[in-house]
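Visitor: Data file upload_6.cif (mmCIF, C-alpha atoms) is appended below.
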```
data_structure
loop_
_atom_site.label_atom_id
_atom_site.label_comp_id
_atom_site.auth_asym_id
_atom_site.auth_seq_id
_atom_site.Cartn_x
_atom_site.Cartn_y
_atom_site.Cartn_z
CA MET E 30 -8.81 33.45 -5.08
CA THR E 31 -10.12 31.49 -2.11
CA LEU E 32 -9.30 27.84 -2.53
CA PHE E 33 -10.77 26.45 0.70
CA ASP E 34 -13.37 27.62 3.18
CA PRO E 35 -12.37 27.96 6.87
CA GLN E 36 -13.25 24.33 7.48
CA GLY E 37 -10.89 23.14 4.78
CA TRP E 38 -13.43 22.30 2.07
CA ALA E 39 -12.77 23.35 -1.52
CA VAL E 40 -14.54 26.32 -3.01
CA SER E 41 -14.49 25.36 -6.68
CA ASP E 42 -16.95 24.32 -9.34
CA ARG E 43 -14.51 21.62 -10.41
CA ILE E 44 -14.56 19.84 -7.05
CA ARG E 45 -17.53 17.92 -5.70
CA ILE E 46 -17.76 17.73 -1.92
CA ASP E 47 -18.65 14.39 -0.34
CA ARG E 48 -17.75 14.34 3.36
CA TYR E 49 -16.45 11.18 5.08
CA PRO E 50 -15.77 12.03 8.75
CA GLY E 51 -14.59 8.47 9.41
CA LEU E 52 -11.40 9.26 7.49
CA ARG E 53 -10.24 11.77 10.08
CA HIS E 54 -7.35 10.69 12.32
CA GLY E 55 -6.51 14.04 13.88
CA SER E 56 -5.70 17.51 12.59
CA MET E 57 -3.26 18.65 9.90
CA THR E 58 -1.88 22.10 10.60
CA ILE E 59 0.66 22.37 7.79
CA VAL E 60 1.01 20.87 4.30
CA HIS E 61 4.49 19.99 3.06
CA GLY E 62 3.63 17.68 0.19
CA ILE E 63 1.14 15.76 -1.90
CA ILE E 64 1.00 11.98 -2.35
CA VAL E 65 -0.61 10.50 -5.46
CA HIS E 66 -2.22 7.08 -5.02
CA GLN E 67 -4.29 4.58 -6.98
CA THR E 68 -7.16 3.03 -5.06
CA GLY E 69 -6.58 -0.63 -5.83
CA ALA E 70 -10.29 -0.92 -6.66
CA ALA E 71 -12.08 -0.66 -9.99
CA THR E 72 -14.79 1.83 -9.04
CA ALA E 73 -15.16 4.98 -6.97
CA ALA E 74 -18.23 3.46 -5.34
CA SER E 75 -16.19 0.60 -3.95
CA THR E 76 -13.66 2.96 -2.37
CA LEU E 77 -16.31 5.34 -1.05
CA ALA E 78 -18.16 2.42 0.54
CA GLN E 79 -15.02 1.66 2.55
CA TYR E 80 -14.70 5.31 3.55
CA LYS E 81 -18.03 5.08 5.36
CA SER E 82 -16.65 2.86 8.08
CA GLY E 83 -15.31 4.45 11.25
CA GLY E 84 -11.52 4.62 11.38
CA ALA E 85 -11.26 4.18 7.64
CA ASN E 86 -8.08 4.97 5.73
CA GLY E 87 -8.20 7.11 2.63
CA ALA E 88 -7.14 10.32 0.95
CA HIS E 89 -8.43 13.89 0.79
CA PHE E 90 -9.37 13.75 -2.88
CA LEU E 91 -10.63 11.00 -5.18
CA ILE E 92 -10.48 11.26 -8.97
CA ASP E 93 -13.01 9.03 -10.73
CA LYS E 94 -12.37 7.50 -14.14
CA ASP E 95 -14.30 10.24 -15.90
CA GLY E 96 -12.12 12.87 -14.26
CA THR E 97 -14.63 13.92 -11.60
CA ILE E 98 -12.79 15.26 -8.55
CA ILE E 99 -14.40 14.47 -5.21
CA GLN E 100 -13.12 15.98 -1.98
CA THR E 101 -13.75 13.35 0.67
CA ALA E 102 -11.90 14.90 3.61
CA SER E 103 -11.09 18.42 4.78
CA VAL E 104 -7.53 19.52 4.11
CA LEU E 105 -7.39 20.35 7.83
CA TRP E 106 -7.83 16.68 8.68
CA LYS E 107 -4.91 14.35 9.17
CA LEU E 108 -5.62 11.08 7.35
CA GLN E 109 -3.87 7.74 7.18
CA HIS E 110 -2.92 7.41 3.54
CA VAL E 111 0.86 7.18 3.41
CA GLY E 112 2.02 4.26 5.59
CA PRO E 113 5.48 3.86 7.08
CA LEU E 114 7.91 6.19 5.32
CA LYS E 115 10.91 5.03 3.34
CA ALA E 116 14.23 6.60 4.25
CA ARG E 117 14.60 9.58 1.93
CA CYS E 118 18.33 9.81 2.54
CA LEU E 119 18.78 6.27 1.19
CA ALA E 120 16.88 7.08 -2.01
CA GLU E 121 18.82 10.32 -2.45
CA HIS E 122 22.18 8.78 -1.46
CA ARG E 123 22.89 11.21 1.34
CA CYS E 124 22.63 9.09 4.48
CA SER E 125 25.64 9.12 6.74
CA PRO E 126 27.34 5.70 6.88
CA VAL E 127 26.16 5.31 10.47
CA GLU E 128 22.52 6.09 9.61
CA ALA E 129 22.62 3.86 6.54
CA LYS E 130 23.77 0.97 8.70
CA THR E 131 21.15 1.74 11.34
CA LEU E 132 18.36 1.82 8.75
CA LEU E 133 19.46 -1.51 7.35
CA HIS E 134 18.69 -3.19 10.64
CA LEU E 135 15.39 -1.50 11.32
CA GLY E 136 12.12 -3.12 10.32
CA VAL E 137 9.60 -1.41 8.04
CA LYS E 138 7.64 0.31 10.80
CA PRO E 139 10.60 1.27 13.03
CA ALA E 140 12.32 2.78 9.98
CA GLY E 141 9.17 4.78 9.29
CA LEU E 142 9.17 6.10 12.86
CA HIS E 143 12.86 6.95 12.53
CA GLU E 144 12.03 9.05 9.48
CA LEU E 145 9.11 10.85 11.12
CA ALA E 146 11.49 12.54 13.55
CA LYS E 147 13.06 14.47 10.65
CA PRO E 148 11.68 17.61 8.99
CA VAL E 149 10.71 17.81 5.29
CA PRO E 150 12.67 17.80 2.99
CA LEU E 151 15.02 15.53 4.95
CA ARG E 152 12.14 13.05 5.00
CA TYR E 153 9.21 12.50 2.65
CA PRO E 154 5.85 14.12 3.45
CA ALA E 155 3.83 11.94 5.82
CA ASN E 156 0.28 11.59 7.11
CA LYS E 157 0.74 14.60 9.37
CA ASP E 158 1.70 17.00 6.57
CA ALA E 159 0.64 15.54 3.22
CA ILE E 160 -2.51 15.82 1.15
CA GLY E 161 -3.53 12.56 -0.48
CA ILE E 162 -5.03 12.21 -3.93
CA GLU E 163 -6.52 8.84 -4.86
CA ILE E 164 -7.03 7.95 -8.51
CA VAL E 165 -9.58 5.21 -9.10
CA GLY E 166 -7.76 2.23 -10.58
CA ALA E 167 -7.55 -1.50 -9.93
CA PRO E 168 -4.55 -3.78 -10.03
CA THR E 169 -4.35 -5.88 -13.16
CA SER E 170 -2.04 -8.88 -13.33
CA LEU E 171 1.36 -10.06 -12.21
CA GLN E 172 4.02 -8.38 -14.35
CA ALA E 173 7.34 -9.75 -15.55
CA ASP E 174 9.11 -7.87 -12.76
CA GLY E 175 7.20 -9.81 -10.12
CA TYR E 176 4.89 -6.96 -9.10
CA PHE E 177 1.25 -6.44 -10.02
CA GLY E 178 0.34 -3.89 -12.67
CA TYR E 179 -2.35 -1.24 -12.33
CA GLU E 180 -5.00 0.01 -14.74
CA ALA E 181 -3.76 2.93 -16.81
CA VAL E 182 -4.84 6.31 -15.51
CA THR E 183 -7.40 7.71 -17.98
CA PRO E 184 -6.72 10.93 -19.92
CA GLN E 185 -9.61 12.55 -18.02
CA GLN E 186 -8.10 11.52 -14.70
CA ASN E 187 -4.68 12.87 -15.69
CA ALA E 188 -6.20 16.18 -16.82
CA SER E 189 -7.98 16.52 -13.48
CA LEU E 190 -4.87 15.46 -11.57
CA LYS E 191 -2.77 18.05 -13.37
CA TRP E 192 -5.29 20.79 -12.56
CA LEU E 193 -5.67 19.67 -8.93
CA VAL E 194 -1.93 19.42 -8.28
CA ALA E 195 -1.34 22.84 -9.85
CA THR E 196 -4.17 24.34 -7.81
CA LEU E 197 -3.00 22.79 -4.55
CA THR E 198 0.69 23.52 -4.99
CA GLN E 199 0.01 27.15 -5.88
CA GLY E 200 -2.74 27.67 -3.33
CA LEU E 201 -0.97 25.97 -0.43
CA LYS E 202 2.55 26.97 -1.49
CA VAL E 203 3.78 23.39 -1.75
CA PRO E 204 6.87 22.93 -3.93
CA VAL E 205 6.07 20.83 -7.02
CA ASP E 206 9.05 18.61 -6.25
CA GLU E 207 7.32 17.59 -3.03
CA VAL E 208 4.58 15.80 -5.02
CA PHE E 209 5.24 12.05 -5.08
CA ARG E 210 3.75 8.81 -6.25
CA HIS E 211 2.84 6.63 -3.26
CA PRO E 212 5.47 3.91 -3.87
CA MET E 213 8.20 6.55 -3.91
CA VAL E 214 7.61 7.50 -0.27
CA SER E 215 6.26 4.29 1.26
CA ARG E 216 6.70 0.59 0.63
CA LYS E 217 4.01 -0.07 -1.98
CA ASP E 218 3.63 -1.82 -5.32
CA PRO E 219 5.97 0.15 -7.62
CA HIS E 220 3.37 0.16 -10.39
CA GLU E 221 0.82 2.11 -8.32
CA ALA E 222 0.07 5.43 -10.05
CA GLU E 223 2.92 4.94 -12.52
CA SER E 224 0.81 6.29 -15.39
CA ALA E 225 -0.29 9.33 -13.37
CA ARG E 226 0.97 12.62 -14.86
CA TRP E 227 0.82 16.07 -13.37
CA MET W 15 -7.15 -27.40 -13.41
CA VAL W 16 -5.32 -24.66 -11.55
CA LYS W 17 -8.54 -22.66 -11.33
CA ALA W 18 -10.32 -25.65 -9.87
CA GLN W 19 -7.57 -26.05 -7.33
CA TYR W 20 -7.91 -22.48 -6.11
CA PHE W 21 -11.65 -22.82 -6.11
CA GLY W 22 -11.17 -25.61 -3.59
CA LEU W 23 -9.22 -23.20 -1.42
CA ALA W 24 -11.93 -20.63 -1.87
CA LEU W 25 -14.51 -23.10 -0.64
CA LEU W 26 -12.44 -23.84 2.43
CA LEU W 27 -12.25 -20.15 3.16
CA CYS W 28 -15.98 -19.78 2.84
CA LEU W 29 -16.65 -22.14 5.74
CA PRO W 30 -18.94 -20.67 8.39
CA ASP W 31 -16.10 -20.00 10.81
CA VAL W 32 -14.89 -17.30 8.45
CA GLY W 33 -17.81 -15.27 9.74
CA ALA W 34 -18.77 -12.28 7.67
CA ALA W 35 -15.93 -12.66 5.21
CA LYS W 36 -17.73 -13.46 1.97
CA SER W 37 -15.17 -12.38 -0.55
CA TRP W 38 -11.49 -11.54 -0.61
CA GLY W 39 -11.34 -10.39 -4.20
CA ASP W 40 -12.63 -6.87 -3.78
CA SER W 41 -13.85 -4.56 -1.11
CA LYS W 42 -16.14 -6.63 1.06
CA ILE W 43 -13.52 -7.10 3.74
CA PRO W 44 -12.61 -3.64 5.01
CA GLY W 45 -9.38 -4.53 6.73
CA PRO W 46 -7.63 -7.11 8.87
CA ALA W 47 -10.31 -9.01 10.68
CA LYS W 48 -10.31 -12.68 9.95
CA HIS W 49 -7.63 -15.17 10.84
CA TRP W 50 -6.58 -17.77 8.34
CA PRO W 51 -9.16 -20.50 8.93
CA VAL W 52 -7.52 -23.40 7.16
CA ALA W 53 -5.59 -26.13 8.94
CA LEU W 54 -2.16 -26.36 7.37
CA ASN W 55 -0.70 -29.82 7.07
CA SER W 56 2.72 -28.80 5.83
CA VAL W 57 4.65 -25.84 4.51
CA THR W 58 7.45 -26.16 1.98
CA ILE W 59 9.83 -23.34 1.06
CA THR W 60 10.97 -23.34 -2.56
CA ARG W 61 12.78 -20.00 -2.58
CA SER W 62 13.90 -17.57 0.11
CA GLY W 63 16.26 -14.62 0.35
CA HIS W 64 14.82 -13.44 -2.96
CA TRP W 65 15.40 -9.84 -4.07
CA GLN W 66 13.11 -8.15 -6.61
CA PRO W 67 14.26 -5.01 -8.44
CA ASP W 68 12.14 -1.93 -7.78
CA ARG W 69 12.74 1.45 -9.40
CA TYR W 70 11.94 3.12 -6.07
CA GLY W 71 13.60 0.48 -3.91
CA THR W 72 16.55 0.79 -1.57
CA ASP W 73 16.75 -2.79 -0.32
CA THR W 74 19.86 -4.57 -1.53
CA PRO W 75 20.26 -8.19 -2.67
CA ALA W 76 22.67 -8.76 0.21
CA HIS W 77 20.09 -7.46 2.66
CA CYS W 78 17.32 -9.63 1.21
CA ALA W 79 19.60 -12.66 1.24
CA ARG W 80 19.20 -12.62 5.03
CA PHE W 81 15.45 -13.18 4.73
CA ARG W 82 15.45 -16.93 5.28
CA PRO W 83 12.31 -17.97 7.14
CA THR W 84 12.07 -21.57 8.30
CA PRO W 85 9.00 -23.71 7.55
CA ALA W 86 8.04 -23.44 11.22
CA GLU W 87 8.23 -19.63 11.04
CA VAL W 88 6.12 -19.58 7.90
CA GLN W 89 3.56 -21.90 9.46
CA ARG W 90 3.45 -19.67 12.56
CA TRP W 91 3.03 -16.63 10.30
CA PHE W 92 0.06 -18.26 8.54
CA ARG W 93 -1.57 -18.91 11.90
CA ARG W 94 -1.23 -15.26 12.88
CA ALA W 95 -2.07 -13.71 9.50
CA ASN W 96 -5.43 -12.12 8.70
CA ILE W 97 -7.35 -12.40 5.46
CA VAL W 98 -7.74 -8.94 3.96
CA SER W 99 -9.45 -7.54 0.88
CA GLN W 100 -7.55 -7.07 -2.34
CA SER W 101 -7.75 -3.29 -2.10
CA TYR W 102 -6.56 -3.32 1.51
CA TRP W 103 -3.65 -5.60 0.55
CA PHE W 104 -2.57 -3.28 -2.25
CA GLU W 105 -3.06 0.03 -0.46
CA GLN W 106 -2.54 -0.60 3.24
CA THR W 107 0.10 -3.29 3.52
CA GLU W 108 3.82 -2.78 2.99
CA TRP W 109 5.89 -4.04 0.06
CA THR W 110 9.60 -4.74 0.44
CA GLN W 111 11.97 -6.18 -2.15
CA CYS W 112 12.65 -9.27 0.01
CA SER W 113 10.46 -12.34 -0.27
CA ALA W 114 10.10 -16.09 -0.02
CA ASP W 115 7.90 -18.55 -1.89
CA GLY W 116 6.69 -22.06 -1.39
CA THR W 117 3.75 -24.36 -1.21
CA VAL W 118 1.33 -25.15 1.53
CA VAL W 119 -0.67 -28.34 1.82
CA SER W 120 -4.15 -28.06 3.21
CA GLY W 121 -6.98 -30.53 2.94
CA GLY W 122 -4.82 -32.79 0.79
CA ARG W 123 -4.18 -30.08 -1.78
CA SER W 124 -1.12 -28.00 -2.47
CA TYR W 125 -1.23 -24.23 -3.01
CA PRO W 126 1.58 -21.82 -3.86
CA TRP W 127 2.28 -18.99 -1.44
CA HIS W 128 4.35 -15.82 -1.61
CA LEU W 129 5.50 -14.00 1.50
CA ASP W 130 7.06 -10.55 1.76
CA GLN W 131 9.41 -9.85 4.66
CA SER W 132 7.08 -7.04 5.65
CA GLY W 133 4.40 -9.57 6.61
CA ARG W 134 2.30 -9.30 3.44
CA GLY W 135 1.47 -12.59 1.76
CA ASN W 136 -0.80 -14.33 -0.69
CA VAL W 137 -1.84 -17.87 -1.49
CA GLY W 138 -2.47 -18.46 -5.18
CA GLN W 139 -1.01 -16.23 -7.85
CA GLY W 140 -3.71 -14.74 -10.03
CA LEU W 141 -5.71 -11.79 -8.72
CA ALA W 142 -9.00 -13.58 -9.19
CA ASP W 143 -7.89 -16.65 -7.30
CA ALA W 144 -5.54 -15.34 -4.67
CA VAL W 145 -6.24 -15.14 -0.97
CA PHE W 146 -4.67 -11.95 0.40
CA LEU W 147 -3.07 -12.05 3.82
CA SER W 148 -1.53 -9.58 6.24
CA GLY W 149 0.48 -10.68 9.26
CA PRO W 150 3.44 -9.76 11.42
CA GLU W 151 6.72 -8.62 9.93
CA LEU W 152 9.25 -11.43 9.66
CA PRO W 153 12.83 -11.28 10.96
CA PHE W 154 16.05 -11.27 9.00
CA ARG W 155 18.77 -13.75 9.90
CA ALA W 156 21.74 -12.24 11.72
CA GLY W 157 24.75 -11.55 9.53
CA GLN W 158 26.77 -9.00 7.67
CA ASN W 159 25.55 -6.91 4.75
#
```
Write the structure described by the file as structure tokens, please.

Guide:
Amino acid sequence: MTLFDPQGWAVSDRIRIDRYPGLRHGSMTIVHGIIVHQTGAATAASTLAQYKSGGANGAHFLIDKDGTIIQTASVLWKLQHVGPLKARCLAEHRCSPVEAKTLLHLGVKPAGLHELAKPVPLRYPANKDAIGIEIVGAPTSLQADGYFGYEAVTPQQNASLKWLVATLTQGLKVPVDEVFRHPMVSRKDPHEAESARW
Amino acid sequence: MVKAQYFGLALLLCLPDVGAAKSWGDSKIPGPAKHWPVALNSVTITRSGHWQPDRYGTDTPAHCARFRPTPAEVQRWFRRANIVSQSYWFEQTEWTQCSADGTVVSGGRSYPWHLDQSGRGNVGQGLADAVFLSGPELPFRAGQN
């Protein structure tokens, strides 16, 4: 089954196409992973309005609260949706002592650049090789742990997310264990997408 | 009372020199664009070197303990920071586990601030009242971990 046309747009009745050329920041020639986000805004319209500006940041797919899947960018486009990478070897406790010490003294952005020099799966998928899926959802209130909460992902959104992740991982031959919530791979609010299930 | 206090801050931020920035609560500000427009009379630090647990985090308490900005550094950071939208602040800025908190006096009023070592900050605490800021990353103090 053909999943995408030659230009990288989905060929599926379940996916609505709504093109935002301003999201493009180069080309993506290989996909190593998928990053699941929440928009930080209450409505799809709000996020899509931002996508209209030139040089906008966003993801390839947007899942609205009713479960509607919108493809906003070609899967051949490199987008800016991840941010500086966290050190995967620190999270997986396999950094050498020398690298662990080096990472400790690097700032957020230099550490992200340090990671980018590695191949997946030694690093997390990044802008250059990751598809982004945004789930519409706003932050809520400050939680007891000192971070802001996010709206719960709706059952319709999770059903669509599960279908989309399965379709993309099978169609693009991406290992399921290379699908991550945004705060796992980059320094974001740990509650972002925490109720997302796939 | 607290709401009224933040409303005062909101009014200050709506002065004409803020330009097109009409709201910081949602999506009307697409990204970093506007510098903090408020004259700061004083900055007080109530807590620094703070470490927050994070299930995905790899920063250690010892590492965060070295995040000790001085009032002058915080004041400089406020001067260089940009006001950003709530959605930009959540999605595009970086979150570390190391932070500092304090109060800032402006126009005779005191407002709480929170500053992440990454250069992400906010004045006010509730989502509806907060002003969201993005500025340069702040340094750690030299020392052992």

Visitor: Would you please work out which residue, of E:Val214, E:Leu171, E:Leu190, E:Ala116, is nearest to Ile92 (chain E) when using all atoms listed in the file?

Guide: E:Leu190

Visitor: For chain W, report every residue with an atom at most 10 Å from chain E (counting only C-alpha atoms), formatted as an MDAnalysis selection string.

Guide: chainID W and resid 39:45 66:74 77 100:111 131:133 139:142 151:154 156 159

Visitor: Report the residues retrieved by the PyMOL selection byres ((chain W and resi 137) around 8) from the displayed file, expressed as a compact mmCIF listing (two decimals) with C-alpha atoms, keeping the file's coordinate frame.

Guide:
```
# COMPACT_ATOMS: atom_id res chain seq x y z
CA TYR W 125 -1.23 -24.23 -3.01
CA PRO W 126 1.58 -21.82 -3.86
CA TRP W 127 2.28 -18.99 -1.44
CA HIS W 128 4.35 -15.82 -1.61
CA GLY W 135 1.47 -12.59 1.76
CA ASN W 136 -0.80 -14.33 -0.69
CA GLY W 138 -2.47 -18.46 -5.18
CA GLN W 139 -1.01 -16.23 -7.85
CA ALA W 144 -5.54 -15.34 -4.67
CA VAL W 145 -6.24 -15.14 -0.97
CA PHE W 146 -4.67 -11.95 0.40
CA LEU W 147 -3.07 -12.05 3.82
```

Visitor: How would you write as a ChimeraX atom specification the residues that get within 9 Å of (-14.1, 13.0, 7.9) in the file's frame, counting all atoms listed in the file?

Guide: /E:48-54,80,101-103,106,108

Visitor: Tell me which of W:Ala114, W:Pro75, W:Ser124, W:Val119 sits closest to Glu87 (chain W), counting only C-alpha atoms.

Guide: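 Nearest to Glu87 (chain W): W:Ala114.
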
Visitor: Apply the PyMOL selection byres ((chain E and resi 62) around 9) to the displayed file and report the matching residues as an mmCIF file with C-alpha atoms, keeping the file's coordinate frame.

Guide:
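Written file, out_8.cif:
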```
data_model
loop_
_atom_site.group_PDB
_atom_site.id
_atom_site.type_symbol
_atom_site.label_atom_id
_atom_site.label_comp_id
_atom_site.auth_asym_id
_atom_site.auth_seq_id
_atom_site.Cartn_x
_atom_site.Cartn_y
_atom_site.Cartn_z
ATOM 1 C CA VAL E 60 1.010 20.870 4.300
ATOM 2 C CA HIS E 61 4.490 19.990 3.060
ATOM 3 C CA ILE E 63 1.140 15.760 -1.900
ATOM 4 C CA ILE E 64 1.000 11.980 -2.350
ATOM 5 C CA VAL E 149 10.710 17.810 5.290
ATOM 6 C CA TYR E 153 9.210 12.500 2.650
ATOM 7 C CA PRO E 154 5.850 14.120 3.450
ATOM 8 C CA ALA E 155 3.830 11.940 5.820
ATOM 9 C CA ASP E 158 1.700 17.000 6.570
ATOM 10 C CA ALA E 159 0.640 15.540 3.220
ATOM 11 C CA ILE E 160 -2.510 15.820 1.150
ATOM 12 C CA GLY E 161 -3.530 12.560 -0.480
ATOM 13 C CA THR E 198 0.690 23.520 -4.990
ATOM 14 C CA VAL E 203 3.780 23.390 -1.750
ATOM 15 C CA PRO E 204 6.870 22.930 -3.930
ATOM 16 C CA VAL E 205 6.070 20.830 -7.020
ATOM 17 C CA ASP E 206 9.050 18.610 -6.250
ATOM 18 C CA GLU E 207 7.320 17.590 -3.030
ATOM 19 C CA VAL E 208 4.580 15.800 -5.020
ATOM 20 C CA PHE E 209 5.240 12.050 -5.080
#
```

Visitor: For Phe81 (chain W), which residue out of W:Gly121, W:Arg155, W:Arg134, W:Thr60 is the nearest one, using all atoms listed in the file?

Guide: W:Arg155

Visitor: Quick check, in Å to one decimal: how far apart do CA of Thr84 (chain W) and CA of Ser56 (chain W) lie?

Guide: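 Distance between the two atoms: 12.1 Å.
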
Visitor: Please indicate the distance in Å from CA of Lys191 (chain E) to CA of Leu151 (chain E), rounded to one decimal place.

Guide: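 Calculated distance between CA of Lys191 (chain E) and CA of Leu151 (chain E) is 25.7 Å.
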
Visitor: Suppose you want the space between CA of Gln89 (chain W) and CA of Val118 (chain W); what is it in Å?

Guide: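 Pair CA of Gln89 (chain W) / CA of Val118 (chain W) returns 8.9 Å.
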
Visitor: Report, as lines of an AutoDock Vina configuration file, the axis-aligned box around all atoms of region 144-148 of chain W present in the file, extended by 3 Å on each side; give centre and edge lengths in Å to one decimal place.

Guide:
```
center_x = -3.9
center_y = -12.5
center_z = 0.8
size_x = 10.7
size_y = 11.8
size_z = 16.9
```

Visitor: So which residues get picked by the PyMOL selection byres ((chain W and resi 95) around 7) here, written as a VMD selection string?

Guide: chain W and resid 49 to 50 91 to 94 96 to 97 147 to 149
